[in-house]
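Student: Handing you this structure, nothing more for now.
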Amino acid sequence: MAEAATLAAAFDDEVSRGLKALPRRGDAPLSHEHELARWRHCQKLADSVSHYASRLPPSAAVPRILKLGRELRARREPRCALSACYRTVLRLVPQPTADCHDSQACMAARRRVEAIFGAAACGLAVTTGRDPKLLAGASVDRVVDALDRFREGVELAAQWEELYWLVNNGAVHMRAAAGLLVATGFAQRALPFLVFASLALDSNPTFGNAAYLPRRLAACKDVCECCARMGAREEAARFVERFWKKVDELEELYKLDPLPPPKELVESCRNTRAGLAVLRLKYGAEVARNSADLRSLLETHIPADDSRIEALVEAFLERGEGEASRGPIPAEKGPAFDMLWSLAQPLVSKISEALTARTEEEALEGTRGRN
């Protein structure tokens, strides 16, 4: 025990000195001499990790190596973090067995998932650093490989209820990486990962809390926008209805509690309903085509007129790009446009009256000034 403590202290000291000596990356590219010095310092850190990883027990080495990996990523050194830290942790921490769910297995799963996420994030950073617009086919494949690693980590973390936060982190990573594919025209390859990230947030009861409903709604929006880019609006509508039922189930579950649900949860459910109502309006052709259903949807879940206008305008935006669809209004969106105009017309009239009054006041002030 004393020997392990001595080795751990020596490792901490060596890593601290190595990080202080490591040149920081700036926005401007480093000169050849600085780049060479940086590479040598990274190599020294990698040698230190390799040296102490073989001598320290995993319970002492792995947390320190993961911490070093996070610090290297913060310094924009993904290559060093990947080779020196995360691959070492994956070698030290074996894959937990499915039938073992004690505290040690949970901790091993946590460490392994953190290493998987770190390795995937480093690989993604290296790829986007070389090719930020994913112009090369190999770059797209590497992003997909990183998404596969994130999915592997989420699947492992989902086996332990107490590791819900890692499931959430993995879903965030997947949505960000898949967003790169969607933005560069590879929506079809991104869709399975976006769907997985959204469904992963159904895997744990903790995600029924008020704090996670906005994140689940955002994940649902990502899936719908990706489907819309592929022309699969019906699939987007079905996904919205699925999440709507999930919110129904959540509210029914809280009704079983003799105590009233927290105000935060009630407010979060209401806001989630409003967001889903917008998605229903945008992707649900049947709702947008039927005037009675449309009015009922808006009056029930979006009570304020200004919010209704915002929701109706959102229905005419395509692909989440913030640009309204051009050309004539589609027939199925006729009732939505009529309702938008009925809500907006009083505001337009008020704006027109205010502008007219302001113009008259300015003209009167100008006349007085000349007199």
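Every chain in the structure tokens takes a letter, A first, then B, and so on in the order presented; its residues are numbered from 1, and the ligands are numbered from 1 following the presented order.
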Could you give me, as a list in words, the residues within 12 Å of Ser103 of chain A, counting only C-alpha atoms and dropping anything in the same chain fewer than 3 positions from it?
Tutor: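 My reading of the contact set: Pro96, Cys100, Cys106, Met107, Ala108, Ala109, Arg110, Trp160, Glu161, Glu162 and Leu163 of chain A.
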Student: Where does DSSP see alpha helix (DSSP H) in segment 47-151 of chain A, if you list the residues as JSON, numbers by chain?
Tutor: {"A": [47, 48, 49, 50, 51, 52, 53, 58, 59, 60, 61, 62, 63, 64, 65, 66, 67, 68, 69, 70, 71, 72, 73, 74, 78, 79, 80, 87, 88, 89, 90, 91, 92, 103, 104, 105, 106, 107, 108, 109, 110, 111, 112, 113, 114, 115, 116, 117, 118, 119, 120, 121, 122, 123, 124, 125, 126, 127, 128, 129, 130, 137, 138, 139, 140, 141, 142, 143, 144, 145, 146, 147, 148, 149, 150, 151]}
Student: Selected residues, C-alpha atoms, written as a short mmCIF file (atom, residue, chain, number, x, y, z; two decimals), in the first residue's frame, please.
Tutor:
data_model
loop_
_atom_site.label_atom_id
_atom_site.label_comp_id
_atom_site.auth_asym_id
_atom_site.auth_seq_id
_atom_site.Cartn_x
_atom_site.Cartn_y
_atom_site.Cartn_z
CA ASP A 47 6.00 7.23 -21.65
CA SER A 48 5.10 8.27 -18.09
CA VAL A 49 1.60 6.84 -18.46
CA SER A 50 2.96 3.59 -19.84
CA HIS A 51 5.55 3.34 -17.06
CA TYR A 52 3.19 3.90 -14.13
CA ALA A 53 0.21 2.06 -15.63
CA PRO A 58 -5.78 -0.16 -11.88
CA SER A 59 -7.87 1.41 -9.11
CA ALA A 60 -5.14 4.05 -8.66
CA ALA A 61 -3.89 4.36 -12.23
CA VAL A 62 -7.13 4.56 -14.21
CA PRO A 63 -8.65 7.68 -12.54
CA ARG A 64 -5.36 9.53 -12.92
CA ILE A 65 -5.01 8.57 -16.57
CA LEU A 66 -8.59 9.62 -17.31
CA LYS A 67 -7.97 12.97 -15.63
CA LEU A 68 -4.86 13.45 -17.75
CA GLY A 69 -6.87 12.61 -20.85
CA ARG A 70 -9.42 15.31 -20.01
CA GLU A 71 -6.67 17.86 -19.47
CA LEU A 72 -5.02 16.98 -22.77
CA ARG A 73 -8.34 17.32 -24.59
CA ALA A 74 -8.84 20.72 -22.96
CA PRO A 78 -6.56 14.76 -28.96
CA ARG A 79 -3.89 12.56 -30.50
CA CYS A 80 -1.87 12.41 -27.31
CA ARG A 87 -6.31 3.34 -25.21
CA THR A 88 -4.35 2.56 -22.05
CA VAL A 89 -7.51 2.67 -19.93
CA LEU A 90 -9.37 0.42 -22.36
CA ARG A 91 -6.52 -2.05 -22.04
CA LEU A 92 -6.50 -1.87 -18.23
CA SER A 103 -20.48 -1.92 -7.24
CA GLN A 104 -17.09 -2.97 -8.60
CA ALA A 105 -18.58 -3.92 -11.95
CA CYS A 106 -20.45 -0.61 -12.03
CA MET A 107 -17.23 1.32 -11.38
CA ALA A 108 -15.41 -0.69 -14.05
CA ALA A 109 -18.22 0.04 -16.50
CA ARG A 110 -18.05 3.73 -15.64
CA ARG A 111 -14.30 3.88 -16.25
CA ARG A 112 -14.58 1.96 -19.48
CA VAL A 113 -17.43 4.10 -20.79
CA GLU A 114 -15.49 7.27 -19.98
CA ALA A 115 -12.54 5.89 -21.93
CA ILE A 116 -14.77 4.89 -24.86
CA PHE A 117 -16.31 8.36 -24.99
CA GLY A 118 -12.90 9.99 -24.71
CA ALA A 119 -11.43 7.87 -27.49
CA ALA A 120 -14.39 8.57 -29.76
CA ALA A 121 -14.26 12.31 -29.03
CA CYS A 122 -10.52 12.40 -29.75
CA GLY A 123 -10.95 10.55 -33.03
CA LEU A 124 -13.73 12.94 -33.99
CA ALA A 125 -11.59 15.97 -33.09
CA VAL A 126 -8.70 14.70 -35.20
CA THR A 127 -11.01 14.11 -38.17
CA THR A 128 -12.76 17.47 -38.01
CA GLY A 129 -9.44 19.21 -37.45
CA ARG A 130 -8.18 17.82 -40.74
CA GLY A 137 -15.25 10.08 -47.98
CA ALA A 138 -12.77 8.72 -45.45
CA SER A 139 -13.63 11.60 -43.10
CA VAL A 140 -17.30 10.66 -43.19
CA ASP A 141 -16.40 7.05 -42.41
CA ARG A 142 -14.32 8.17 -39.43
CA VAL A 143 -17.21 10.22 -38.06
CA VAL A 144 -19.46 7.18 -38.40
CA ASP A 145 -16.82 5.10 -36.60
CA ALA A 146 -16.81 7.64 -33.76
CA LEU A 147 -20.60 7.45 -33.59
CA ASP A 148 -20.36 3.66 -33.37
CA ARG A 149 -18.01 4.04 -30.41
CA PHE A 150 -20.36 6.47 -28.69
CA ARG A 151 -23.20 4.02 -29.20
#
Student: Kindly indicate which residue among A:Ala4, A:Leu253, A:Val154, A:Ala9 lies nearest to His173 of chain A, using only C-alpha atoms for the distances.
Tutor: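 Residue with the minimum atom-to-atom distance to His173 of chain A: A:Val154.
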Student: What's the 7 Å shell around segment 207-209 of chain A, counting only C-alpha atoms, without same-chain residues fewer than 4 positions away, as a PyMOL selection string?
Tutor: chain A and resi 201-202+213+250+265
Student: Given only C-alpha atoms as the basis, pick out the residue of A:Val240, A:Met230, A:Val266, A:Leu256 nearest to Leu281 of chain A.
Tutor: A:Val240
Student: Atom CA of Ala197 of chain A to atom CA of Lys245 of chain A: how many Å, to one decimal?
Tutor: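 These atoms are spaced 18.0 Å apart.
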Student: With distances taken over only C-alpha atoms, which of A:Ala357, A:Glu225, A:Leu56, A:Thr184 is nearest to Ala136 of chain A?
Tutor: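 That would be A:Thr184, the residue with the smallest distance to Ala136 of chain A.
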